[in-house]
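A.B. asks: The structure file data_23.tsv (TSV, C-alpha atoms) is provided below.
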```
chain	number	residue	atom	x	y	z
L	1	MET	CA	0.00	0.00	0.00
L	2	LYS	CA	1.36	3.43	-0.99
L	3	LEU	CA	1.35	6.50	1.30
L	4	GLN	CA	-0.89	8.38	-1.13
L	5	ASP	CA	-3.55	5.68	-0.87
L	6	LEU	CA	-3.91	6.15	2.89
L	7	SER	CA	-6.82	8.11	4.25
L	8	ILE	CA	-6.14	11.46	5.97
L	9	LYS	CA	-7.06	9.81	9.26
L	10	ARG	CA	-4.35	7.18	8.74
L	11	LYS	CA	-1.82	9.77	7.59
L	12	LEU	CA	-2.45	11.88	10.69
L	13	MET	CA	-2.06	8.82	12.88
L	14	LEU	CA	1.19	7.88	11.15
L	15	ILE	CA	2.66	11.38	11.49
L	16	THR	CA	1.73	11.56	15.18
L	17	MET	CA	3.18	8.11	15.79
L	18	LEU	CA	6.43	8.87	13.96
L	19	THR	CA	6.95	12.21	15.68
L	20	SER	CA	6.30	10.76	19.12
L	21	SER	CA	8.50	7.73	18.46
L	22	VAL	CA	11.44	9.80	17.20
L	23	ALA	CA	11.13	12.17	20.20
L	24	LEU	CA	10.94	9.20	22.58
L	25	LEU	CA	13.91	7.44	20.97
L	26	LEU	CA	16.08	10.55	20.95
L	27	SER	CA	15.31	11.52	24.55
L	28	SER	CA	15.85	7.95	25.78
L	29	ALA	CA	19.10	7.62	23.83
L	30	SER	CA	20.42	10.91	25.22
L	31	PHE	CA	19.56	9.88	28.80
L	32	LEU	CA	21.21	6.48	28.31
L	33	THR	CA	24.33	7.96	26.73
L	34	TYR	CA	24.64	10.51	29.55
L	35	ASP	CA	24.16	7.85	32.20
L	36	LEU	CA	26.66	5.44	30.62
L	37	ILE	CA	29.29	8.18	30.24
L	38	SER	CA	28.74	9.25	33.88
L	39	PHE	CA	28.96	5.65	35.03
L	40	ARG	CA	32.18	5.13	33.09
L	41	HIS	CA	33.60	8.24	34.75
L	42	LEU	CA	32.49	6.90	38.14
L	43	LEU	CA	34.20	3.55	37.46
L	44	THR	CA	37.40	5.36	36.48
L	45	GLN	CA	37.33	7.34	39.72
L	46	ASP	CA	36.64	4.16	41.71
L	47	LEU	CA	39.59	2.38	40.07
L	48	GLU	CA	41.80	5.42	40.65
L	49	THR	CA	40.85	5.35	44.37
L	50	GLN	CA	41.68	1.65	44.57
L	51	ALA	CA	45.00	2.32	42.84
L	52	GLN	CA	45.78	4.99	45.44
L	53	ILE	CA	45.01	2.58	48.31
L	54	ILE	CA	46.96	-0.32	46.84
L	55	GLY	CA	49.79	2.04	45.85
L	56	TYR	CA	49.98	3.41	49.39
L	57	ASN	CA	50.07	-0.09	50.89
L	58	SER	CA	52.67	-1.42	48.49
L	59	ALA	CA	54.99	1.63	48.56
L	60	ALA	CA	57.16	0.32	51.39
L	61	ALA	CA	57.43	-3.11	49.75
L	62	MET	CA	58.48	-1.38	46.52
L	63	ALA	CA	61.06	0.77	48.34
L	64	PHE	CA	62.53	-2.28	50.09
L	65	LYS	CA	62.24	-4.41	46.92
L	66	ASP	CA	60.17	-6.98	48.79
L	67	GLU	CA	58.38	-8.74	45.92
L	68	PRO	CA	56.46	-11.36	48.01
L	69	VAL	CA	54.92	-8.63	50.20
L	70	ALA	CA	54.11	-6.53	47.13
L	71	THR	CA	52.39	-9.53	45.50
L	72	ALA	CA	50.47	-10.22	48.72
L	73	THR	CA	49.28	-6.60	48.78
L	74	LEU	CA	48.06	-6.89	45.19
L	75	SER	CA	46.27	-10.16	46.05
L	76	ALA	CA	43.88	-8.17	48.27
L	77	LEU	CA	42.23	-7.22	44.97
L	78	LYS	CA	40.69	-10.68	44.64
L	79	ALA	CA	37.63	-9.21	46.39
L	80	LYS	CA	37.12	-6.98	43.35
L	81	GLU	CA	35.89	-9.30	40.62
L	82	ASP	CA	36.15	-6.74	37.83
L	83	ILE	CA	39.93	-6.41	38.27
L	84	VAL	CA	41.59	-8.75	35.80
L	85	ALA	CA	45.20	-7.67	36.33
L	86	ALA	CA	47.27	-5.59	38.75
L	87	VAL	CA	50.92	-4.91	38.03
L	88	LEU	CA	53.57	-3.02	39.99
L	89	TYR	CA	56.42	-1.53	37.96
L	90	THR	CA	59.85	-0.40	39.15
L	91	PRO	CA	60.71	3.32	38.78
L	92	ASP	CA	62.39	2.51	35.43
L	93	GLY	CA	59.14	0.92	34.21
L	94	LYS	CA	59.88	-2.82	34.46
L	95	ILE	CA	57.46	-5.35	36.00
L	96	PHE	CA	58.17	-5.86	39.74
L	97	ALA	CA	55.13	-7.82	40.96
L	98	GLN	CA	51.80	-8.81	39.48
L	99	TYR	CA	48.45	-10.30	40.35
L	100	VAL	CA	46.02	-12.02	38.01
L	101	PRO	CA	42.87	-13.68	39.47
L	102	GLY	CA	43.09	-17.47	39.62
L	103	GLY	CA	46.86	-17.38	39.16
L	104	LYS	CA	46.45	-17.13	35.39
L	105	ALA	CA	48.96	-15.46	33.12
L	106	ALA	CA	48.59	-11.71	32.68
L	107	PRO	CA	46.64	-10.72	29.55
L	108	ALA	CA	48.91	-10.19	26.57
L	109	THR	CA	47.72	-6.59	26.32
L	110	VAL	CA	49.15	-5.74	29.76
L	111	PRO	CA	52.21	-3.57	29.06
L	112	THR	CA	55.57	-5.04	30.06
L	113	GLN	CA	56.99	-1.57	30.47
L	114	VAL	CA	55.29	1.69	31.36
L	115	SER	CA	56.31	5.29	31.21
L	116	ARG	CA	53.32	7.51	31.95
L	117	THR	CA	50.44	7.73	34.41
L	118	GLY	CA	46.76	8.25	33.63
L	119	TYR	CA	44.08	5.98	32.25
L	120	ARG	CA	43.23	4.44	28.91
L	121	PHE	CA	40.32	2.52	27.47
L	122	GLY	CA	40.82	-0.60	25.38
L	123	THR	CA	38.43	-3.13	23.86
L	124	GLY	CA	36.53	-4.53	26.83
L	125	TYR	CA	38.83	-3.09	29.49
L	126	PHE	CA	40.26	0.05	30.96
L	127	ASP	CA	43.56	0.66	32.72
L	128	VAL	CA	44.53	3.08	35.45
L	129	LEU	CA	48.25	3.76	35.83
L	130	HIS	CA	49.14	5.39	39.13
L	131	ASP	CA	52.46	6.60	40.57
L	132	VAL	CA	53.50	4.80	43.77
L	133	THR	CA	55.22	7.21	46.15
L	134	LEU	CA	56.82	6.90	49.55
L	135	ASN	CA	57.12	10.16	51.44
L	136	GLY	CA	56.72	12.11	48.21
L	137	GLU	CA	59.36	10.14	46.33
L	138	ARG	CA	58.29	7.97	43.38
L	139	VAL	CA	59.20	4.33	44.03
L	140	GLY	CA	57.28	2.79	41.13
L	141	SER	CA	53.98	2.64	39.26
L	142	LEU	CA	50.83	0.58	39.61
L	143	LEU	CA	48.58	-0.56	36.80
L	144	LEU	CA	45.05	-1.75	37.56
L	145	ARG	CA	42.96	-3.25	34.77
L	146	SER	CA	39.18	-3.58	35.00
L	147	ASP	CA	37.17	-5.62	32.51
L	148	MET	CA	34.30	-3.07	32.79
L	149	ARG	CA	31.85	-5.87	33.59
L	150	GLU	CA	29.70	-3.49	35.67
L	151	TRP	CA	29.50	-1.06	32.77
L	152	SER	CA	28.71	-3.82	30.25
L	153	PHE	CA	26.05	-5.25	32.57
L	154	ARG	CA	24.49	-1.81	33.00
L	155	ALA	CA	24.57	-1.13	29.25
L	156	LYS	CA	22.93	-4.51	28.47
L	157	ARG	CA	20.25	-3.98	31.12
L	158	TYR	CA	19.53	-0.52	29.73
L	159	ALA	CA	19.30	-1.87	26.18
L	160	VAL	CA	16.71	-4.46	27.28
L	161	ILE	CA	14.70	-1.87	29.25
L	162	PHE	CA	14.95	0.56	26.34
L	163	PHE	CA	13.59	-1.87	23.72
L	164	VAL	CA	10.82	-3.21	25.98
L	165	PHE	CA	9.79	0.33	26.87
L	166	VAL	CA	9.85	1.56	23.24
L	167	PHE	CA	7.83	-1.40	21.93
L	168	ALA	CA	5.33	-1.30	24.81
L	169	SER	CA	4.79	2.46	24.53
L	170	GLY	CA	4.52	2.19	20.74
L	171	PHE	CA	1.94	-0.54	21.09
L	172	PHE	CA	-0.17	1.45	23.58
L	173	ALA	CA	0.14	4.62	21.50
L	174	LEU	CA	-1.10	2.71	18.47
L	175	LEU	CA	-4.00	1.28	20.47
L	176	LEU	CA	-5.01	4.69	21.79
L	177	LEU	CA	-4.75	6.30	18.39
L	178	GLU	CA	-6.83	3.57	16.79
L	179	THR	CA	-9.55	4.11	19.43
L	180	ALA	CA	-9.44	7.87	18.99
L	181	ALA	CA	-9.45	7.55	15.23
L	182	ASP	CA	-12.75	5.71	15.28
L	183	ASP	CA	-14.39	8.99	16.35
L	184	LEU	CA	-12.81	10.89	13.46
L	185	PRO	CA	-14.30	10.93	9.96
L	186	ALA	CA	-12.19	9.39	7.23
L	187	ASN	CA	-12.57	12.66	5.25
L	188	PRO	CA	-12.91	15.93	7.27
L	189	ALA	CA	-14.72	17.53	4.31
L	190	THR	CA	-17.73	15.20	4.87
L	191	ARG	CA	-17.80	16.18	8.56
L	192	ARG	CA	-17.71	19.90	7.62
L	193	HIS	CA	-20.60	19.40	5.21
L	194	ASP	CA	-22.59	17.66	7.95
L	195	THR	CA	-21.89	20.51	10.40
L	196	ASP	CA	-22.88	23.09	7.84
L	197	GLY	CA	-26.14	21.25	7.34
L	198	VAL	CA	-26.84	21.23	11.08
L	199	GLY	CA	-26.18	24.98	11.26
L	200	GLN	CA	-28.54	25.64	8.41
L	201	GLN	CA	-31.26	23.62	10.03
L	202	LYS	CA	-30.85	25.57	13.25
L	203	LEU	CA	-31.09	28.83	11.34
R	204	MET	CA	111.39	-22.69	29.84
R	205	THR	CA	110.45	-23.84	33.33
R	206	VAL	CA	111.03	-20.34	34.73
R	207	ARG	CA	108.75	-18.84	32.06
R	208	ARG	CA	106.01	-21.33	32.91
R	209	LEU	CA	106.42	-20.54	36.58
R	210	ILE	CA	106.09	-16.80	35.89
R	211	ILE	CA	102.95	-17.37	33.78
R	212	LEU	CA	101.47	-19.56	36.51
R	213	MET	CA	102.21	-16.94	39.16
R	214	LEU	CA	100.72	-14.20	36.98
R	215	MET	CA	97.58	-16.26	36.45
R	216	MET	CA	97.26	-16.89	40.18
R	217	MET	CA	97.68	-13.19	40.91
R	218	LEU	CA	95.06	-12.33	38.32
R	219	GLY	CA	92.70	-14.90	39.82
R	220	GLN	CA	93.20	-13.48	43.30
R	221	ALA	CA	92.72	-9.93	42.04
R	222	SER	CA	89.49	-10.77	40.20
R	223	ARG	CA	88.16	-12.69	43.25
R	224	ALA	CA	88.97	-9.74	45.52
R	225	TRP	CA	87.37	-7.35	43.02
R	226	SER	CA	84.18	-9.44	42.82
R	227	GLN	CA	84.04	-9.66	46.64
R	228	ASP	CA	84.46	-5.88	46.86
R	229	ALA	CA	81.75	-5.40	44.25
R	230	GLU	CA	79.41	-7.75	46.16
R	231	ALA	CA	80.11	-5.95	49.45
R	232	SER	CA	79.61	-2.51	47.92
R	233	SER	CA	76.36	-3.67	46.34
R	234	GLU	CA	75.20	-5.03	49.73
R	235	TYR	CA	76.02	-1.75	51.46
R	236	LEU	CA	74.46	0.25	48.68
R	237	ILE	CA	71.23	-1.63	49.44
R	238	LYS	CA	71.70	-1.20	53.19
R	239	ALA	CA	72.29	2.55	52.77
R	240	GLY	CA	69.05	2.67	50.76
R	241	TYR	CA	67.34	0.80	53.59
R	242	ILE	CA	68.53	3.38	56.13
R	243	TYR	CA	67.10	6.11	53.91
R	244	ASN	CA	63.77	4.24	53.70
R	245	PHE	CA	63.75	3.68	57.49
R	246	ALA	CA	64.02	7.45	57.91
R	247	LYS	CA	60.89	7.80	55.74
R	248	LEU	CA	58.88	5.30	57.75
R	249	VAL	CA	59.94	6.25	61.27
R	250	GLU	CA	58.50	9.27	63.04
R	251	TRP	CA	60.62	11.13	65.58
R	252	PRO	CA	59.06	13.25	68.31
R	253	THR	CA	58.95	16.94	67.37
R	254	THR	CA	61.35	17.69	70.19
R	255	ALA	CA	64.02	15.63	68.41
R	256	PHE	CA	64.56	18.47	65.92
R	257	ALA	CA	65.43	22.05	66.85
R	258	GLN	CA	63.80	23.37	63.67
R	259	SER	CA	61.56	22.02	60.93
R	260	ASP	CA	64.53	21.88	58.56
R	261	SER	CA	67.11	20.59	61.04
R	262	PRO	CA	69.07	17.65	59.64
R	263	ILE	CA	68.59	14.00	60.48
R	264	VAL	CA	71.95	13.11	61.98
R	265	ILE	CA	73.18	9.63	61.10
R	266	GLY	CA	76.00	8.52	63.33
R	267	ILE	CA	78.24	5.59	62.47
R	268	VAL	CA	80.10	4.18	65.45
R	269	GLY	CA	82.66	1.39	65.22
R	270	THR	CA	83.63	-0.10	61.85
R	271	ASP	CA	82.13	1.83	58.94
R	272	PRO	CA	81.15	-0.76	56.33
R	273	PHE	CA	79.55	1.83	54.03
R	274	GLY	CA	82.53	3.97	53.14
R	275	PRO	CA	81.53	6.82	50.84
R	276	ILE	CA	78.46	4.88	49.56
R	277	ILE	CA	76.08	6.15	52.25
R	278	ASP	CA	77.16	9.76	51.65
R	279	LYS	CA	76.42	9.35	47.92
R	280	VAL	CA	73.05	7.66	48.54
R	281	LEU	CA	71.87	10.37	50.95
R	282	GLU	CA	73.39	13.34	49.17
R	283	GLY	CA	70.72	15.96	48.49
R	284	LYS	CA	67.96	13.73	49.92
R	285	LYS	CA	65.40	15.05	52.39
R	286	VAL	CA	62.69	13.45	54.51
R	287	ASN	CA	59.85	15.74	55.58
R	288	GLY	CA	62.09	18.73	54.95
R	289	HIS	CA	65.02	17.30	56.94
R	290	PRO	CA	68.31	16.82	55.04
R	291	PHE	CA	70.84	14.21	56.15
R	292	VAL	CA	74.15	14.69	57.91
R	293	ILE	CA	76.47	11.70	58.34
R	294	LYS	CA	78.94	11.63	61.19
R	295	ARG	CA	81.59	8.98	61.90
R	296	LEU	CA	81.78	8.85	65.67
R	297	LYS	CA	84.19	7.51	68.24
R	298	PRO	CA	82.67	5.19	70.88
R	299	THR	CA	83.35	7.89	73.46
R	300	ALA	CA	81.24	10.49	71.58
R	301	ASP	CA	77.77	11.56	72.71
R	302	LEU	CA	75.66	9.02	70.83
R	303	LYS	CA	72.41	10.70	71.93
R	304	GLU	CA	73.05	13.53	69.44
R	305	CYS	CA	72.13	11.25	66.54
R	306	HIS	CA	68.69	10.49	65.16
R	307	ILE	CA	69.92	7.28	63.56
R	308	LEU	CA	72.86	5.39	65.02
R	309	PHE	CA	74.54	2.64	63.01
R	310	ILE	CA	76.60	0.44	65.29
R	311	GLY	CA	79.43	-1.27	63.41
R	312	SER	CA	80.43	-4.88	63.98
R	313	SER	CA	83.61	-3.87	65.85
R	314	MET	CA	81.34	-2.73	68.70
R	315	GLU	CA	80.03	-6.28	69.26
R	316	SER	CA	81.66	-6.61	72.67
R	317	HIS	CA	80.36	-3.15	73.74
R	318	ILE	CA	76.87	-3.52	72.29
R	319	GLY	CA	75.20	-3.38	75.69
R	320	ASP	CA	76.98	-0.10	76.50
R	321	ALA	CA	75.95	1.50	73.20
R	322	ILE	CA	72.32	0.49	73.71
R	323	ARG	CA	72.34	1.65	77.32
R	324	LEU	CA	73.79	5.02	76.34
R	325	THR	CA	70.95	5.73	73.90
R	326	ARG	CA	68.10	4.12	75.88
R	327	GLY	CA	65.10	6.39	76.45
R	328	THR	CA	66.22	8.90	73.81
R	329	PRO	CA	64.77	9.17	70.28
R	330	VAL	CA	67.69	7.42	68.58
R	331	LEU	CA	66.95	4.77	65.98
R	332	THR	CA	69.66	2.20	66.59
R	333	ILE	CA	70.61	-0.04	63.65
R	334	SER	CA	73.22	-2.77	63.52
R	335	GLU	CA	74.27	-5.95	61.75
R	336	ILE	CA	75.56	-7.51	64.97
R	337	PRO	CA	73.77	-10.86	65.49
R	338	GLY	CA	71.09	-10.71	68.19
R	339	PHE	CA	71.09	-6.89	68.16
R	340	ALA	CA	67.29	-6.57	68.37
R	341	ASP	CA	67.15	-9.22	71.09
R	342	HIS	CA	69.63	-7.18	73.15
R	343	GLY	CA	67.38	-4.08	73.03
R	344	GLY	CA	68.54	-2.54	69.73
R	345	ILE	CA	65.75	-1.31	67.43
R	346	ILE	CA	66.62	-2.56	63.93
R	347	HIS	CA	68.82	-5.52	63.11
R	348	LEU	CA	69.94	-5.86	59.49
R	349	SER	CA	70.91	-9.29	58.22
R	350	LEU	CA	71.61	-11.06	54.98
R	351	GLU	CA	69.39	-14.09	54.27
R	352	GLN	CA	69.62	-16.00	51.01
R	353	ASN	CA	71.45	-13.06	49.46
R	354	LYS	CA	68.68	-10.66	50.46
R	355	VAL	CA	68.79	-7.95	53.07
R	356	ARG	CA	66.26	-8.60	55.84
R	357	PHE	CA	65.55	-6.77	59.05
R	358	GLU	CA	64.12	-7.34	62.49
R	359	VAL	CA	62.41	-4.59	64.47
R	360	ASN	CA	62.19	-4.53	68.25
R	361	VAL	CA	58.92	-2.62	68.65
R	362	ASP	CA	59.22	-2.29	72.43
R	363	ALA	CA	62.66	-0.74	72.12
R	364	ALA	CA	61.22	1.68	69.52
R	365	LYS	CA	58.35	2.57	71.88
R	366	GLU	CA	60.82	3.15	74.68
R	367	ALA	CA	62.76	5.50	72.40
R	368	ASP	CA	59.50	7.36	71.61
R	369	LEU	CA	59.83	6.46	67.94
R	370	ASN	CA	56.72	5.75	65.92
R	371	ILE	CA	57.42	3.01	63.39
R	372	SER	CA	54.96	2.85	60.48
R	373	SER	CA	52.89	-0.31	60.16
R	374	ARG	CA	53.97	-0.34	56.50
R	375	LEU	CA	57.53	-0.94	57.69
R	376	LEU	CA	56.50	-3.55	60.24
R	377	VAL	CA	54.72	-5.54	57.51
R	378	LEU	CA	58.11	-6.08	55.89
R	379	ALA	CA	60.01	-6.79	59.08
R	380	LYS	CA	60.38	-9.66	61.47
R	381	VAL	CA	58.82	-8.10	64.55
R	382	ILE	CA	60.38	-8.76	67.91
R	383	GLN	CA	58.57	-7.80	71.09
R	384	GLN	CA	60.63	-7.63	74.20
R	385	PRO	CA	58.61	-6.66	77.24
R	386	SER	CA	60.31	-4.95	80.16
R	387	ASP	CA	60.54	-8.23	82.08
R	388	GLY	CA	62.96	-9.48	79.46
R	389	ARG	CA	60.74	-12.21	77.90
R	390	LYS	CA	61.02	-12.25	74.15
R	391	THR	CA	58.15	-12.96	71.77
R	392	GLU	CA	58.14	-12.92	67.95
```
Could you render the structure as structure tokens?
C.D. replies:
Amino acid sequence: MKLQDLSIKRKLMLITMLTSSVALLLSSASFLTYDLISFRHLLTQDLETQAQIIGYNSAAAMAFKDEPVATATLSALKAKEDIVAAVLYTPDGKIFAQYVPGGKAAPATVPTQVSRTGYRFGTGYFDVLHDVTLNGERVGSLLLRSDMREWSFRAKRYAVIFFVFVFASGFFALLLLETAADDLPANPATRRHDTDGVGQQKL
Amino acid sequence: MTVRRLIILMLMMMLGQASRAWSQDAEASSEYLIKAGYIYNFAKLVEWPTTAFAQSDSPIVIGIVGTDPFGPIIDKVLEGKKVNGHPFVIKRLKPTADLKECHILFIGSSMESHIGDAIRLTRGTPVLTISEIPGFADHGGIIHLSLEQNKVRFEVNVDAAKEADLNISSRLLVLAKVIQQPSDGRKTE
């Protein structure tokens, strides 16, 4: 069926539906994007805080080159399931101690040498690289890697809610419009003619 | 011919001795380079009472009494370094000197027979005593440095530190073998 063949009633319904749907989709998408960006920022801050705590606790072990104690300090991260690797580097950037959950090998993407602090996002992970200092003097660096599982879980949950909400609201909007449309004439000109007639009779 | 062989053999032996002595020296200097670094790190993780310093930028005085195993290494390691605004001053002291003037006192191995005197002279004052003499921490010294499996380890006598009014960071104690020696002389680890 072509658009031209539709009655004015149907065309009006279609335009209303499309406008509402586009507005709904755009507003929902902007809210979701904002929330996911804010959540990502929150996760980065959380990981940075953890890096500060672990860095503080491992600083003395780094200064005294005590690798077993440094590894034990990193092992405290097993409580955080999203952390897939934690690596301590010497001041010249070489690996000093590392922790990978389950005693597995560190992911191949974990750098073997580091030179700068900050954070970076990769495919399915993000890293925070933090300076480890003892009494203001840099004694090494700490890298924490999160697999962003909380972010992915949130994004998936939002996607499901988003689609269910859009389809449900679309369905109800269609139902309401169909009901309202039954009261409208297929051609407004006919209705106008009828009204005119009524007016004439009254006169 | 025999004389030439003898000379070559002697030369080779001398070379062997020289290289062995050189490697021993290198090992020792590397060990004391690490130990000097440890002393610097101890200074970062030990808190002295405010009364221990005349001014906020007064130096941390490191006294070395008895044999000095560091040589110039410790001076190089601590040169230009500061902890909480305090630079370092290293003094080689005679056993008769006033040991209470130091903030850190390294007691050399030649003082082994007078260890009790050295500890008694500094007792109750904020002096962080450090030594390699075996049993130093058990005798009331604060930090005992030792070499275990080619690694520098240390014991800390926390009661002696308390008595000296020194606050040792828990981050340092995590790395140390902690010795507690109550006033009645019983030792617990």
A.B. asks: Could you list, as a ChimeraX atom specification, every residue of chain L that has an atom within 12 Å of an atom of chain R, counting all atoms listed in the file?
C.D. replies: /L:54-70,72-73,133-137,139
A.B. asks: With C-alpha atoms kept, could you save the residues just selected as an mmCIF file, keeping the file's coordinate frame?
C.D. replies:
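Below is the file that was written, selection.cif:
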```cif
data_model
loop_
_atom_site.group_PDB
_atom_site.id
_atom_site.type_symbol
_atom_site.label_atom_id
_atom_site.label_comp_id
_atom_site.auth_asym_id
_atom_site.auth_seq_id
_atom_site.Cartn_x
_atom_site.Cartn_y
_atom_site.Cartn_z
ATOM 1 C CA ILE L 54 46.960 -0.320 46.840
ATOM 2 C CA GLY L 55 49.790 2.040 45.850
ATOM 3 C CA TYR L 56 49.980 3.410 49.390
ATOM 4 C CA ASN L 57 50.070 -0.090 50.890
ATOM 5 C CA SER L 58 52.670 -1.420 48.490
ATOM 6 C CA ALA L 59 54.990 1.630 48.560
ATOM 7 C CA ALA L 60 57.160 0.320 51.390
ATOM 8 C CA ALA L 61 57.430 -3.110 49.750
ATOM 9 C CA MET L 62 58.480 -1.380 46.520
ATOM 10 C CA ALA L 63 61.060 0.770 48.340
ATOM 11 C CA PHE L 64 62.530 -2.280 50.090
ATOM 12 C CA LYS L 65 62.240 -4.410 46.920
ATOM 13 C CA ASP L 66 60.170 -6.980 48.790
ATOM 14 C CA GLU L 67 58.380 -8.740 45.920
ATOM 15 C CA PRO L 68 56.460 -11.360 48.010
ATOM 16 C CA VAL L 69 54.920 -8.630 50.200
ATOM 17 C CA ALA L 70 54.110 -6.530 47.130
ATOM 18 C CA ALA L 72 50.470 -10.220 48.720
ATOM 19 C CA THR L 73 49.280 -6.600 48.780
ATOM 20 C CA THR L 133 55.220 7.210 46.150
ATOM 21 C CA LEU L 134 56.820 6.900 49.550
ATOM 22 C CA ASN L 135 57.120 10.160 51.440
ATOM 23 C CA GLY L 136 56.720 12.110 48.210
ATOM 24 C CA GLU L 137 59.360 10.140 46.330
ATOM 25 C CA VAL L 139 59.200 4.330 44.030
#
```
A.B. asks: Which distance in Å separates CA of Tyr125 in chain L and CA of Ala155 in chain L, to one decimal?
C.D. replies: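 That distance, rounded to one decimal, is 14.4 Å.
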A.B. asks: With only C-alpha atoms as the atoms that count, which of R:Glu358, R:Glu366, R:Glu234, R:Asp320 lies nearest to Pro272 in chain R?
C.D. replies: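 Checking each of R:Glu358, R:Glu366, R:Glu234, R:Asp320 against Pro272 in chain R, counting only C-alpha atoms, the winner is R:Glu234.
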A.B. asks: So the first atom is CA of Ala29 in chain L and the second is CA of Val164 in chain L; what is the distance between them in Å, to one decimal place?
C.D. replies: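 According to the coordinates, CA of Ala29 in chain L and CA of Val164 in chain L are separated by 13.8 Å.
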A.B. asks: Can you work out the spacing between CA of Asp131 in chain L and CA of Gly118 in chain L in Å, to one decimal?
C.D. replies: 9.1 Å
A.B. asks: Could you name the residues that touch Gly269 in chain R at 10 Å or less, counting only C-alpha atoms, but leaving out those on the same chain fewer than 3 positions away, as a ChimeraX atom specification?
C.D. replies: /R:266,272,295-298,309-315,317
A.B. asks: From the options L:Ala106, L:Leu25, L:Leu42, L:Leu176, which residue's atoms come nearest to Ala159 in chain L, counting only C-alpha atoms?
C.D. replies: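 Under the stated criterion, the closest residue is L:Leu25.
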A.B. asks: Please determine, counting all atoms listed in the file, which residue among L:Ile161, L:Ser75, L:Pro101, L:Leu47 has the shortest atom-to-atom distance to Leu143 in chain L.
C.D. replies: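 The answer is L:Leu47, which sits nearest to Leu143 in chain L.
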A.B. asks: Step by step: start from the point (38.7, -3.2, 31.3) in the file's coordinates, keep every protein, DNA or RNA residue that has an atom no farther than 8 Å from it, count all atoms listed in the file, and write the set as a list of chain:residue names.
C.D. replies: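 Output: L:Asp82, L:Ile83, L:Val84, L:Phe121, L:Gly122, L:Thr123, L:Gly124, L:Tyr125, L:Phe126, L:Asp127, L:Arg145, L:Ser146, L:Asp147, L:Met148, L:Arg149.
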A.B. asks: Rank R:Leu236, R:Val292, R:Ala257, R:Ile371 by their smallest atom-to-atom distance to Ile277 in chain R, using all atoms listed in the file, and report the top residue only.
C.D. replies: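 Of all the options, R:Leu236 lies closest to Ile277 in chain R.
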A.B. asks: Which residues are close to range 10-22 of chain L, i.e. within 10 Å by all atoms listed in the file, leaving aside same-chain residues fewer than 2 positions away? Reply as JSON, numbers by chain.
C.D. replies: {"L": [3, 4, 5, 6, 7, 8, 24, 25, 26, 27, 28, 166, 167, 169, 170, 173, 174, 177, 178, 180, 181, 186]}
A.B. asks: Go through R:Ala363, R:Met216, R:Ile293, R:Val381 one by one, measure the shortest atom-to-atom distance of each to Arg323 in chain R using all atoms listed in the file, and give the residue with the smallest value.
C.D. replies: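 The answer is R:Ala363, which sits nearest to Arg323 in chain R.
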A.B. asks: I'd like the neighbourhood of range 261-264 of chain R as a PyMOL selection string, where a residue qualifies if any of its atoms comes within 6 Å (using only C-alpha atoms), though same-chain residues fewer than 2 positions away should be ignored.
C.D. replies: chain R and resi 256+258-259+289-293+305-306
